[in-house]
Amino acid sequence: MSKMLVLDQVCKTFNPGSVNEKVVLTDLSLELEKGDFVTIIGGNGTGKSTLFNAVSGNFYVDSGRVELDGQDITFLKDYQRANQIGRLFQDPLKGTAPNMTIEENLSLAYMRNTKGALRFGISAKERELFRQRLAMLDLGLEDRMKSKVGLLSGGQRQALTLLMATLVTPKLLLLDEHTAALDPATAEKVLNITKKIVEENGLTCMMITHNIGDALSLGNRTIMMDSGKIILDISGEERSQMTVPKLLEMFHQKSNKALDNDRILLAK
Amino acid sequence: MTMIALRGAIEIGLIYGLVALALYISYRTLDIADLTVDGTFALGAATTAVCTVAGHPVLGLFAAMGAGVLAGFVTAILQTKLKVQSILAGIITMTALYSINIIVMGNRSNLPMAKNDTLFTLIPEFAGDYTRLIVIAAVIALVCVITVLFFRTPLGLSVRATGDNRDMVSASSINPAFTTTVGLCAANAVVGLAGALFAQYQKVGDSTSGTGTVVIGLASLIIGEVLLGRRSVVRGVIGAIVGAIIYRIIIAAALSASISASNLKLVSAIIVAVAISYPAIKEQLDLHKMRKAAKVK
Ligand SMILES: Nc1ncnc2c1ncn2[C@@H]1O[C@H](COP(=O)(O)OP(=O)(O)OP(=O)(O)O)[C@@H](O)[C@H]1O
Ligand SMILES: [Mg+2]
């Protein structure tokens, strides 16, 4: 099987050479098969979002290589990668333009496909496609296509963002705690929609979550990060045997170890 | 106010409506306070004056728009590529334009067109005294239609999104630096046209004609928004033009009430300050009322 994403010894340090120097990713390597759905867990500030930033091109990595579906994208700009990579953030406000209507937002997302064409307005065919996709969400948004997105609830906006990120099937979908800001019922709904969209399109996907249960029940592989490194990577048999308490325990062990290291450093 | 004064106010208001329209594109849509405008207005005037004196008034309108595009482009490059803060970028270009405008007119600060044909003398008087008004209105209507259509194209849609949520534009695989540049070029093209029409109307290209234009444009834009709201592009565009006409009528009224012309800038500044701070003032007043009501209980 072909690799969809390859990270090869990626390093990233913020503010190098200053007092605020912060080494975030250290020689991080990761390979994703096509169709992999990887869940990512790890404590706060361990570099999970930074890993996503490196993949989606918010910055160039200091060293190492990023490859998407066989193409070297290490030095592509974020917007150049965006037609192959869809991304959702924790903040539901981030992915949509509030003063534009639902269909205008969708139309923008669809431009990854229709680039460069000179048209006035949204064609009937496109509108029909948008309506069908919106209906899939089962939130009644298909009847509100001319409403401004700013009027929607956080959950509705996040579901819409998910639809926009996958409207033109991306090679890779990055979900950064995309249900964390939603109430439990809405979070579950958005998560179910996520599952459905990922399965139906056979998407390759990475999802950061702080919910260990979700991390094990969704997807086919789970990795744990600590201090910018992958410290656990389980799939298949090992993963199906894994339980939430066991993983939690490992999680605490590892983070305690990190703490001990700090103490040792301080003791010197 | 006399009929002639009113008609004159509407004519000038329509021309300045283009400035308000440009600010609708840059300030309202892209969310950039583009101060290039003052310089671009005079640049349009200077460019068109040179063309008109050479016998090409209509070409002069297009040349003024082209010059506006260049001015907008310089500001955009300063902002997007060289990372100069947007307000400062506009100020830099505007300052440079002071000199450039004088150079354009052959090292003079104004260039009269009294003896030359302009757009307004070329067209036969088909409607008597109202000919000029109709010609201006037609040009402005055309520009408005083009603007509305532009905002419906994919490019126009991405320009709108750039001001609304920049991250989302990159996420849609569109370079926000590019859409910002397109927006600023378009806005300044419109300003250049306004300066050109104004110069041909006054029969003189004046390097100082742009001073204070941004503030006038903003005041007009906001008056239009108060009246027509901000709900859609069509409303925004029409609002800009209507606001500019009303602004001119207010100014004409102030003039006939013998407020001296030199005080007009003060009046404009006050209108803008009040209009922009209106939401904040209203909030304070509402809070005050609520507190009072709570006390009475
Ligand atoms: N642009 C930046 N400049 C400087 N430091 C940064 C930057 N982005 C991230 N960091 C630092 O890198 C570290 C890792 O941040 P990151 O956002 O990747 O953590 P995370 O694993 O996503 O944590 P969380 O679970 O809280 O979201 C943090 O210490 C953070 O302060
Ligand atoms: Mg994070």
# chains A, B, ... in the order shown; residues from 1 in each chain; ligands from 1
$ interface_residues --of "chain B" --to "chain A" --cutoff "9 Å" --atoms "only C-alpha atoms" --output "PyMOL selection string"
chain B and resi 149-155+157-158+160-176+231
$ write_last_selection --atoms "N, CA and C atoms" --output "PDB file, in the first residue's frame"
ATOM      1  N   LEU B 149     -21.492  42.651  -9.675  1.00  0.00           N
ATOM      2  CA  LEU B 149     -21.210  41.416 -10.426  1.00  0.00           C
ATOM      3  C   LEU B 149     -19.868  40.821 -10.001  1.00  0.00           C
ATOM      4  N   PHE B 150     -18.886  41.691  -9.819  1.00  0.00           N
ATOM      5  CA  PHE B 150     -17.564  41.210  -9.407  1.00  0.00           C
ATOM      6  C   PHE B 150     -17.645  40.423  -8.097  1.00  0.00           C
ATOM      7  N   PHE B 151     -18.410  40.970  -7.158  1.00  0.00           N
ATOM      8  CA  PHE B 151     -18.501  40.295  -5.858  1.00  0.00           C
ATOM      9  C   PHE B 151     -19.230  38.959  -5.943  1.00  0.00           C
ATOM     10  N   ARG B 152     -19.835  38.667  -7.098  1.00  0.00           N
ATOM     11  CA  ARG B 152     -20.490  37.365  -7.248  1.00  0.00           C
ATOM     12  C   ARG B 152     -19.582  36.347  -7.916  1.00  0.00           C
ATOM     13  N   THR B 153     -18.481  36.815  -8.497  1.00  0.00           N
ATOM     14  CA  THR B 153     -17.557  35.859  -9.114  1.00  0.00           C
ATOM     15  C   THR B 153     -16.791  35.133  -8.005  1.00  0.00           C
ATOM     16  N   PRO B 154     -16.192  34.004  -8.333  1.00  0.00           N
ATOM     17  CA  PRO B 154     -15.388  33.303  -7.324  1.00  0.00           C
ATOM     18  C   PRO B 154     -14.315  34.212  -6.732  1.00  0.00           C
ATOM     19  N   LEU B 155     -13.672  35.015  -7.573  1.00  0.00           N
ATOM     20  CA  LEU B 155     -12.631  35.909  -7.068  1.00  0.00           C
ATOM     21  C   LEU B 155     -13.224  36.934  -6.102  1.00  0.00           C
ATOM     22  N   LEU B 157     -15.930  36.670  -4.383  1.00  0.00           N
ATOM     23  CA  LEU B 157     -16.330  35.964  -3.172  1.00  0.00           C
ATOM     24  C   LEU B 157     -15.123  35.761  -2.260  1.00  0.00           C
ATOM     25  N   SER B 158     -13.972  35.427  -2.853  1.00  0.00           N
ATOM     26  CA  SER B 158     -12.789  35.225  -1.997  1.00  0.00           C
ATOM     27  C   SER B 158     -12.280  36.543  -1.431  1.00  0.00           C
ATOM     28  N   ARG B 160     -14.242  38.959  -0.513  1.00  0.00           N
ATOM     29  CA  ARG B 160     -15.124  39.187   0.639  1.00  0.00           C
ATOM     30  C   ARG B 160     -14.713  38.326   1.817  1.00  0.00           C
ATOM     31  N   ALA B 161     -14.395  37.071   1.535  1.00  0.00           N
ATOM     32  CA  ALA B 161     -14.028  36.161   2.623  1.00  0.00           C
ATOM     33  C   ALA B 161     -12.717  36.590   3.289  1.00  0.00           C
ATOM     34  N   THR B 162     -11.836  37.228   2.522  1.00  0.00           N
ATOM     35  CA  THR B 162     -10.543  37.640   3.078  1.00  0.00           C
ATOM     36  C   THR B 162     -10.729  38.591   4.254  1.00  0.00           C
ATOM     37  N   GLY B 163     -11.686  39.515   4.111  1.00  0.00           N
ATOM     38  CA  GLY B 163     -11.940  40.449   5.199  1.00  0.00           C
ATOM     39  C   GLY B 163     -12.713  39.806   6.337  1.00  0.00           C
ATOM     40  N   ASP B 164     -13.426  38.747   6.027  1.00  0.00           N
ATOM     41  CA  ASP B 164     -14.319  38.129   7.004  1.00  0.00           C
ATOM     42  C   ASP B 164     -13.591  37.079   7.835  1.00  0.00           C
ATOM     43  N   ASN B 165     -12.800  36.259   7.189  1.00  0.00           N
ATOM     44  CA  ASN B 165     -12.042  35.217   7.894  1.00  0.00           C
ATOM     45  C   ASN B 165     -10.876  34.782   7.012  1.00  0.00           C
ATOM     46  N   ARG B 166      -9.758  35.425   7.258  1.00  0.00           N
ATOM     47  CA  ARG B 166      -8.586  35.216   6.434  1.00  0.00           C
ATOM     48  C   ARG B 166      -8.109  33.759   6.421  1.00  0.00           C
ATOM     49  N   ASP B 167      -8.150  33.125   7.602  1.00  0.00           N
ATOM     50  CA  ASP B 167      -7.697  31.728   7.703  1.00  0.00           C
ATOM     51  C   ASP B 167      -8.486  30.825   6.779  1.00  0.00           C
ATOM     52  N   MET B 168      -9.779  31.156   6.694  1.00  0.00           N
ATOM     53  CA  MET B 168     -10.628  30.300   5.899  1.00  0.00           C
ATOM     54  C   MET B 168     -10.294  30.420   4.424  1.00  0.00           C
ATOM     55  N   VAL B 169      -9.808  31.590   4.029  1.00  0.00           N
ATOM     56  CA  VAL B 169      -9.423  31.788   2.630  1.00  0.00           C
ATOM     57  C   VAL B 169      -8.239  30.886   2.285  1.00  0.00           C
ATOM     58  N   SER B 170      -7.211  30.875   3.153  1.00  0.00           N
ATOM     59  CA  SER B 170      -6.085  29.968   2.885  1.00  0.00           C
ATOM     60  C   SER B 170      -6.556  28.522   2.904  1.00  0.00           C
ATOM     61  N   ALA B 171      -7.511  28.228   3.808  1.00  0.00           N
ATOM     62  CA  ALA B 171      -8.005  26.853   3.899  1.00  0.00           C
ATOM     63  C   ALA B 171      -8.739  26.444   2.625  1.00  0.00           C
ATOM     64  N   SER B 172      -9.252  27.426   1.885  1.00  0.00           N
ATOM     65  CA  SER B 172      -9.907  27.120   0.611  1.00  0.00           C
ATOM     66  C   SER B 172      -8.902  27.147  -0.531  1.00  0.00           C
ATOM     67  N   SER B 173      -7.627  27.130  -0.157  1.00  0.00           N
ATOM     68  CA  SER B 173      -6.560  27.055  -1.147  1.00  0.00           C
ATOM     69  C   SER B 173      -6.443  28.318  -1.992  1.00  0.00           C
ATOM     70  N   ILE B 174      -6.806  29.455  -1.391  1.00  0.00           N
ATOM     71  CA  ILE B 174      -6.661  30.729  -2.090  1.00  0.00           C
ATOM     72  C   ILE B 174      -5.645  31.562  -1.309  1.00  0.00           C
ATOM     73  N   ASN B 175      -4.740  32.211  -2.008  1.00  0.00           N
ATOM     74  CA  ASN B 175      -3.719  33.026  -1.358  1.00  0.00           C
ATOM     75  C   ASN B 175      -4.315  34.354  -0.888  1.00  0.00           C
ATOM     76  N   PRO B 176      -4.435  34.570   0.426  1.00  0.00           N
ATOM     77  CA  PRO B 176      -5.061  35.809   0.898  1.00  0.00           C
ATOM     78  C   PRO B 176      -4.282  37.065   0.494  1.00  0.00           C
ATOM     79  N   ARG B 231     -26.928  44.476   5.065  1.00  0.00           N
ATOM     80  CA  ARG B 231     -27.257  43.073   4.906  1.00  0.00           C
ATOM     81  C   ARG B 231     -26.689  42.403   3.659  1.00  0.00           C
TER      82      ARG B 231
END
$ residues_near_ligand --ligand "ligand 2" --cutoff "10 Å" --atoms "only C-alpha atoms and all ligand atoms" --output "compact mmCIF listing (two decimals) with N, CA, C and O atoms, in the first residue's frame"
# COMPACT_ATOMS: atom_id res chain seq x y z
N GLY A 42 -2.28 13.05 24.16
CA GLY A 42 -1.06 13.60 24.76
C GLY A 42 -1.41 14.82 25.58
O GLY A 42 -2.43 15.46 25.33
N GLY A 43 -0.58 15.11 26.56
CA GLY A 43 -0.86 16.21 27.47
C GLY A 43 -0.84 17.57 26.78
O GLY A 43 -0.48 17.68 25.62
N ASN A 44 -1.22 18.60 27.52
CA ASN A 44 -1.21 19.96 26.96
C ASN A 44 0.22 20.39 26.64
O ASN A 44 1.14 20.12 27.39
N GLY A 45 0.36 21.03 25.49
CA GLY A 45 1.66 21.58 25.14
C GLY A 45 2.70 20.56 24.72
O GLY A 45 3.89 20.84 24.72
N THR A 46 2.24 19.36 24.31
CA THR A 46 3.21 18.34 23.92
C THR A 46 3.51 18.38 22.43
O THR A 46 4.31 17.60 21.93
N GLY A 47 2.85 19.29 21.71
CA GLY A 47 3.20 19.48 20.31
C GLY A 47 2.24 18.87 19.30
O GLY A 47 2.56 18.76 18.13
N LYS A 48 1.05 18.52 19.76
CA LYS A 48 0.08 17.90 18.85
C LYS A 48 -0.37 18.88 17.77
O LYS A 48 -0.34 18.57 16.57
N SER A 49 -0.78 20.07 18.21
CA SER A 49 -1.23 21.06 17.22
C SER A 49 -0.07 21.50 16.34
O SER A 49 -0.25 21.78 15.15
N THR A 50 1.11 21.57 16.94
CA THR A 50 2.29 21.97 16.17
C THR A 50 2.58 20.94 15.06
O THR A 50 2.95 21.30 13.95
N LEU A 51 2.35 19.67 15.39
CA LEU A 51 2.49 18.62 14.38
C LEU A 51 1.55 18.89 13.20
O LEU A 51 1.94 18.84 12.03
N PHE A 52 0.30 19.24 13.52
CA PHE A 52 -0.67 19.55 12.47
C PHE A 52 -0.23 20.78 11.67
O PHE A 52 -0.37 20.84 10.45
N ASN A 53 0.28 21.78 12.41
CA ASN A 53 0.75 23.00 11.73
C ASN A 53 1.86 22.69 10.74
O ASN A 53 1.93 23.27 9.66
N PHE A 89 -10.46 23.07 13.56
CA PHE A 89 -9.88 23.48 14.84
C PHE A 89 -10.89 23.33 15.96
O PHE A 89 -12.08 23.12 15.72
N GLN A 90 -10.38 23.50 17.17
CA GLN A 90 -11.25 23.45 18.34
C GLN A 90 -12.30 24.57 18.28
O GLN A 90 -13.45 24.39 18.61
N ASP A 176 -8.42 18.85 14.93
CA ASP A 176 -7.72 19.25 16.15
C ASP A 176 -8.72 19.53 17.26
O ASP A 176 -9.22 20.65 17.39
N GLU A 177 -9.03 18.51 18.05
CA GLU A 177 -10.03 18.64 19.13
C GLU A 177 -11.28 19.35 18.63
O GLU A 177 -11.77 20.27 19.28
N ILE A 208 -6.89 14.74 16.83
CA ILE A 208 -6.40 14.98 18.18
C ILE A 208 -7.60 14.99 19.11
O ILE A 208 -8.61 15.61 18.81
N THR A 209 -7.49 14.30 20.23
CA THR A 209 -8.58 14.33 21.20
C THR A 209 -8.04 14.18 22.61
O THR A 209 -6.97 13.61 22.82
N HIS A 210 -8.78 14.72 23.57
CA HIS A 210 -8.41 14.51 24.97
C HIS A 210 -9.32 13.47 25.59
O HIS A 210 -9.25 13.20 26.78
$ atom_distance --atom1 "atom CA of B:Leu14" --atom2 "atom CA of B:Leu88"
29.0 Å
$ residues_around --residues "stretch 186-200 of chain A" --least-positions-apart "2" --cutoff "9 Å" --atoms "only C-alpha atoms" --output "PyMOL selection string"
chain A and resi 35+37+136-137+155-156+158-159+162-163+166+173+178-184+202-205+218-219
$ closest_residue --among "A:Val24, A:Ile223, A:Leu175, A:Met206" --to "ligand 1" --atoms "only C-alpha atoms and all ligand atoms"
A:Val24
$ closest_residue --among "B:Ile103, B:Ile77, B:Leu61, B:Ile4" --to "B:Val190" --atoms "only C-alpha atoms"
B:Leu61
$ residues_around --residues "stretch 131-135 of chain A" --least-positions-apart "4" --cutoff "10 Å" --atoms "only C-alpha atoms" --output "PyMOL selection string"
chain A and resi 102-103+106+125-127+139-145+159-160+163-164+167
$ write_last_selection --atoms "all heavy atoms" --output "compact mmCIF listing (two decimals), in the first residue's frame"
# COMPACT_ATOMS: atom_id res chain seq x y z
N ILE A 102 -24.42 30.53 4.13
CA ILE A 102 -23.99 29.13 4.14
C ILE A 102 -23.56 28.71 2.73
O ILE A 102 -22.50 28.11 2.55
CB ILE A 102 -25.15 28.22 4.63
CG1 ILE A 102 -25.43 28.50 6.10
CG2 ILE A 102 -24.82 26.76 4.40
CD1 ILE A 102 -26.55 27.66 6.69
N GLU A 103 -24.37 29.07 1.73
CA GLU A 103 -24.02 28.61 0.38
C GLU A 103 -22.78 29.33 -0.15
O GLU A 103 -21.98 28.73 -0.87
CB GLU A 103 -25.20 28.74 -0.59
CG GLU A 103 -25.71 30.15 -0.78
CD GLU A 103 -26.81 30.21 -1.86
OE1 GLU A 103 -27.39 29.15 -2.16
OE2 GLU A 103 -27.06 31.31 -2.38
N LEU A 106 -19.88 27.48 1.38
CA LEU A 106 -19.67 26.20 0.69
C LEU A 106 -19.06 26.43 -0.69
O LEU A 106 -18.18 25.69 -1.13
CB LEU A 106 -21.00 25.46 0.56
CG LEU A 106 -21.47 24.79 1.85
CD1 LEU A 106 -22.94 24.42 1.77
CD2 LEU A 106 -20.64 23.55 2.14
N LYS A 125 -26.67 23.70 -10.27
CA LYS A 125 -26.10 22.37 -10.04
C LYS A 125 -25.32 22.33 -8.72
O LYS A 125 -25.46 21.41 -7.92
CB LYS A 125 -25.15 22.04 -11.21
CG LYS A 125 -25.13 20.57 -11.58
CD LYS A 125 -24.30 20.34 -12.83
CE LYS A 125 -23.03 19.58 -12.49
NZ LYS A 125 -22.01 19.69 -13.55
N GLU A 126 -24.51 23.39 -8.53
CA GLU A 126 -23.74 23.48 -7.29
C GLU A 126 -24.67 23.57 -6.09
O GLU A 126 -24.46 22.90 -5.09
CB GLU A 126 -22.88 24.74 -7.33
CG GLU A 126 -21.45 24.49 -7.72
CD GLU A 126 -20.71 25.80 -7.84
OE1 GLU A 126 -20.72 26.62 -6.91
OE2 GLU A 126 -20.13 26.01 -8.90
N ARG A 127 -25.68 24.41 -6.24
CA ARG A 127 -26.60 24.61 -5.12
C ARG A 127 -27.25 23.28 -4.74
O ARG A 127 -27.45 22.98 -3.57
CB ARG A 127 -27.65 25.65 -5.52
CG ARG A 127 -28.43 26.19 -4.36
CD ARG A 127 -29.22 27.43 -4.73
NE ARG A 127 -28.40 28.63 -4.69
CZ ARG A 127 -28.39 29.55 -5.65
NH1 ARG A 127 -29.16 29.40 -6.71
NH2 ARG A 127 -27.63 30.61 -5.54
N LEU A 139 -29.21 18.55 10.17
CA LEU A 139 -29.35 19.67 11.11
C LEU A 139 -30.32 20.72 10.56
O LEU A 139 -30.46 21.80 11.12
CB LEU A 139 -27.98 20.34 11.36
CG LEU A 139 -26.90 19.50 12.04
CD1 LEU A 139 -25.56 20.21 11.97
CD2 LEU A 139 -27.27 19.22 13.48
N GLY A 140 -30.94 20.41 9.44
CA GLY A 140 -31.89 21.34 8.84
C GLY A 140 -31.23 22.51 8.14
O GLY A 140 -31.90 23.46 7.75
N LEU A 141 -29.92 22.45 7.97
CA LEU A 141 -29.22 23.58 7.34
C LEU A 141 -29.55 23.72 5.87
O LEU A 141 -29.41 24.80 5.29
CB LEU A 141 -27.71 23.44 7.52
CG LEU A 141 -27.18 23.52 8.96
CD1 LEU A 141 -25.67 23.46 8.98
CD2 LEU A 141 -27.65 24.81 9.62
N GLU A 142 -30.03 22.62 5.25
CA GLU A 142 -30.31 22.68 3.81
C GLU A 142 -31.45 23.66 3.49
O GLU A 142 -31.59 24.11 2.37
CB GLU A 142 -30.60 21.28 3.25
CG GLU A 142 -31.85 20.59 3.78
CD GLU A 142 -31.60 19.87 5.11
OE1 GLU A 142 -30.58 20.17 5.77
OE2 GLU A 142 -32.43 19.04 5.50
N ASP A 143 -32.24 23.99 4.49
CA ASP A 143 -33.32 24.96 4.27
C ASP A 143 -32.90 26.37 4.64
O ASP A 143 -33.71 27.29 4.60
CB ASP A 143 -34.55 24.57 5.10
CG ASP A 143 -35.04 23.18 4.75
OD1 ASP A 143 -35.00 22.85 3.56
OD2 ASP A 143 -35.42 22.43 5.67
N ARG A 144 -31.66 26.54 5.05
CA ARG A 144 -31.22 27.88 5.48
C ARG A 144 -29.99 28.33 4.71
O ARG A 144 -29.14 29.03 5.24
CB ARG A 144 -30.88 27.84 6.98
CG ARG A 144 -32.06 27.44 7.85
CD ARG A 144 -31.62 27.32 9.30
NE ARG A 144 -31.07 28.57 9.82
CZ ARG A 144 -30.52 28.67 11.02
NH1 ARG A 144 -30.44 27.62 11.82
NH2 ARG A 144 -30.03 29.83 11.43
N MET A 145 -29.90 27.91 3.46
CA MET A 145 -28.66 28.16 2.71
C MET A 145 -28.36 29.63 2.50
O MET A 145 -27.23 30.02 2.25
CB MET A 145 -28.69 27.41 1.38
CG MET A 145 -28.54 25.95 1.65
SD MET A 145 -28.39 24.83 0.27
CE MET A 145 -27.91 25.76 -1.09
N ALA A 159 -20.08 21.53 12.22
CA ALA A 159 -20.55 20.53 11.26
C ALA A 159 -20.39 21.08 9.84
O ALA A 159 -19.96 20.37 8.92
CB ALA A 159 -22.00 20.17 11.53
N LEU A 160 -20.72 22.36 9.67
CA LEU A 160 -20.58 22.99 8.35
C LEU A 160 -19.11 23.03 7.93
O LEU A 160 -18.77 22.75 6.78
CB LEU A 160 -21.16 24.41 8.40
CG LEU A 160 -21.04 25.23 7.11
CD1 LEU A 160 -21.81 24.58 5.98
CD2 LEU A 160 -21.55 26.66 7.33
N LEU A 163 -18.07 19.77 6.68
CA LEU A 163 -18.58 19.57 5.33
C LEU A 163 -17.71 20.31 4.32
O LEU A 163 -17.38 19.79 3.25
CB LEU A 163 -20.00 20.11 5.28
CG LEU A 163 -20.90 19.56 4.19
CD1 LEU A 163 -21.05 18.08 4.40
CD2 LEU A 163 -22.24 20.25 4.24
N MET A 164 -17.33 21.56 4.70
CA MET A 164 -16.51 22.36 3.78
C MET A 164 -15.13 21.74 3.57
O MET A 164 -14.60 21.74 2.47
CB MET A 164 -16.37 23.79 4.33
CG MET A 164 -17.64 24.61 4.17
SD MET A 164 -17.63 26.13 5.16
CE MET A 164 -16.20 26.95 4.52
N LEU A 167 -15.74 18.77 1.25
CA LEU A 167 -16.60 18.95 0.07
C LEU A 167 -15.86 18.52 -1.18
O LEU A 167 -16.40 17.83 -2.05
CB LEU A 167 -17.01 20.43 -0.02
CG LEU A 167 -18.08 20.80 -1.03
CD1 LEU A 167 -19.36 20.05 -0.77
CD2 LEU A 167 -18.34 22.30 -0.99
$ closest_residue --among "A:Leu174, A:Met225, A:Leu7, A:Ala215" --to "ligand 1" --atoms "only C-alpha atoms and all ligand atoms"
A:Met225
$ closest_residue --among "B:Ala63, B:Ile136, B:Leu221, B:Val296" --to "B:Gly239" --atoms "only C-alpha atoms"
B:Leu221
$ residues_around --residues "stretch 183-185 of chain B" --least-positions-apart "3" --cutoff "8 Å" --atoms "only C-alpha atoms" --output "MDAnalysis selection string"
chainID B and resid 25:26 30 34 68:73 75:76 159 179:180 188:189
$ write_last_selection --atoms "N, CA, C and O atoms" --output "mmCIF file, in the first residue's frame"
data_model
loop_
_atom_site.group_PDB
_atom_site.id
_atom_site.type_symbol
_atom_site.label_atom_id
_atom_site.label_comp_id
_atom_site.auth_asym_id
_atom_site.auth_seq_id
_atom_site.Cartn_x
_atom_site.Cartn_y
_atom_site.Cartn_z
ATOM 1 N N ILE B 25 -15.310 48.613 -0.596
ATOM 2 C CA ILE B 25 -14.473 47.478 -1.004
ATOM 3 C C ILE B 25 -13.305 47.283 -0.030
ATOM 4 O O ILE B 25 -13.078 46.188 0.471
ATOM 5 N N SER B 26 -12.567 48.362 0.270
ATOM 6 C CA SER B 26 -11.365 48.188 1.090
ATOM 7 C C SER B 26 -11.679 48.147 2.585
ATOM 8 O O SER B 26 -11.275 47.232 3.288
ATOM 9 N N LEU B 30 -12.707 44.284 2.815
ATOM 10 C CA LEU B 30 -11.396 43.704 3.124
ATOM 11 C C LEU B 30 -10.977 43.982 4.565
ATOM 12 O O LEU B 30 -10.022 43.414 5.063
ATOM 13 N N ASP B 34 -7.663 51.903 4.174
ATOM 14 C CA ASP B 34 -6.673 52.207 3.135
ATOM 15 C C ASP B 34 -6.556 53.713 2.933
ATOM 16 O O ASP B 34 -7.408 54.342 2.315
ATOM 17 N N GLY B 68 -4.777 54.332 -10.679
ATOM 18 C CA GLY B 68 -5.305 53.917 -9.376
ATOM 19 C C GLY B 68 -4.908 52.485 -9.048
ATOM 20 O O GLY B 68 -4.522 52.174 -7.922
ATOM 21 N N VAL B 69 -5.006 51.608 -10.054
ATOM 22 C CA VAL B 69 -4.610 50.210 -9.860
ATOM 23 C C VAL B 69 -3.157 50.137 -9.394
ATOM 24 O O VAL B 69 -2.823 49.419 -8.444
ATOM 25 N N LEU B 70 -2.299 50.929 -10.053
ATOM 26 C CA LEU B 70 -0.878 50.923 -9.679
ATOM 27 C C LEU B 70 -0.681 51.370 -8.228
ATOM 28 O O LEU B 70 0.065 50.753 -7.471
ATOM 29 N N ALA B 71 -1.378 52.457 -7.867
ATOM 30 C CA ALA B 71 -1.257 52.961 -6.485
ATOM 31 C C ALA B 71 -1.693 51.888 -5.488
ATOM 32 O O ALA B 71 -1.014 51.629 -4.485
ATOM 33 N N GLY B 72 -2.837 51.256 -5.787
ATOM 34 C CA GLY B 72 -3.335 50.199 -4.908
ATOM 35 C C GLY B 72 -2.345 49.046 -4.832
ATOM 36 O O GLY B 72 -2.139 48.449 -3.771
ATOM 37 N N PHE B 73 -1.733 48.762 -5.965
ATOM 38 C CA PHE B 73 -0.780 47.656 -6.027
ATOM 39 C C PHE B 73 0.423 47.926 -5.126
ATOM 40 O O PHE B 73 0.871 47.045 -4.395
ATOM 41 N N THR B 75 0.552 49.850 -2.453
ATOM 42 C CA THR B 75 0.121 49.687 -1.063
ATOM 43 C C THR B 75 -0.011 48.211 -0.699
ATOM 44 O O THR B 75 0.394 47.772 0.381
ATOM 45 N N ALA B 76 -0.568 47.434 -1.629
ATOM 46 C CA ALA B 76 -0.788 46.007 -1.364
ATOM 47 C C ALA B 76 0.539 45.268 -1.196
ATOM 48 O O ALA B 76 0.689 44.433 -0.304
ATOM 49 N N VAL B 159 -12.456 37.638 -2.172
ATOM 50 C CA VAL B 159 -12.079 38.946 -1.620
ATOM 51 C C VAL B 159 -12.947 39.244 -0.394
ATOM 52 O O VAL B 159 -12.455 39.680 0.649
ATOM 53 N N THR B 179 -5.771 37.958 -2.871
ATOM 54 C CA THR B 179 -7.107 38.557 -2.832
ATOM 55 C C THR B 179 -7.051 39.965 -2.229
ATOM 56 O O THR B 179 -7.780 40.853 -2.659
ATOM 57 N N THR B 180 -6.150 40.170 -1.246
ATOM 58 C CA THR B 180 -5.982 41.508 -0.683
ATOM 59 C C THR B 180 -5.511 42.470 -1.767
ATOM 60 O O THR B 180 -6.017 43.591 -1.895
ATOM 61 N N ASN B 188 -8.783 51.211 -5.484
ATOM 62 C CA ASN B 188 -8.072 52.407 -5.920
ATOM 63 C C ASN B 188 -8.356 52.767 -7.375
ATOM 64 O O ASN B 188 -8.282 53.938 -7.756
ATOM 65 N N ALA B 189 -8.697 51.771 -8.185
ATOM 66 C CA ALA B 189 -9.128 52.072 -9.551
ATOM 67 C C ALA B 189 -10.384 52.930 -9.502
ATOM 68 O O ALA B 189 -10.520 53.922 -10.232
#
$ residues_around --residues "A:Ala54" --least-positions-apart "6" --cutoff "9 Å" --atoms "only C-alpha atoms" --output "ChimeraX atom specification"
/A:10,12,60-61,66,74
$ write_last_selection --atoms "N, CA and C atoms" --output "PDB file, in the first residue's frame"
ATOM      1  N   VAL A  10      11.170  15.284  11.404  1.00  0.00           N
ATOM      2  CA  VAL A  10      10.784  16.688  11.412  1.00  0.00           C
ATOM      3  C   VAL A  10      11.178  17.357  12.732  1.00  0.00           C
ATOM      4  N   LYS A  12      11.131  21.222  14.869  1.00  0.00           N
ATOM      5  CA  LYS A  12      10.663  22.606  14.881  1.00  0.00           C
ATOM      6  C   LYS A  12      10.973  23.244  16.231  1.00  0.00           C
ATOM      7  N   TYR A  60       7.371  26.581   7.899  1.00  0.00           N
ATOM      8  CA  TYR A  60       8.242  25.561   7.339  1.00  0.00           C
ATOM      9  C   TYR A  60       8.980  24.890   8.493  1.00  0.00           C
ATOM     10  N   VAL A  61       9.205  23.589   8.373  1.00  0.00           N
ATOM     11  CA  VAL A  61       9.922  22.900   9.446  1.00  0.00           C
ATOM     12  C   VAL A  61      11.406  23.264   9.366  1.00  0.00           C
ATOM     13  N   VAL A  66       8.364  16.601   4.646  1.00  0.00           N
ATOM     14  CA  VAL A  66       6.948  16.276   4.702  1.00  0.00           C
ATOM     15  C   VAL A  66       6.513  15.845   3.311  1.00  0.00           C
ATOM     16  N   THR A  74       7.280  19.818   1.573  1.00  0.00           N
ATOM     17  CA  THR A  74       7.995  20.493   2.659  1.00  0.00           C
ATOM     18  C   THR A  74       8.009  22.004   2.500  1.00  0.00           C
TER      19      THR A  74
END
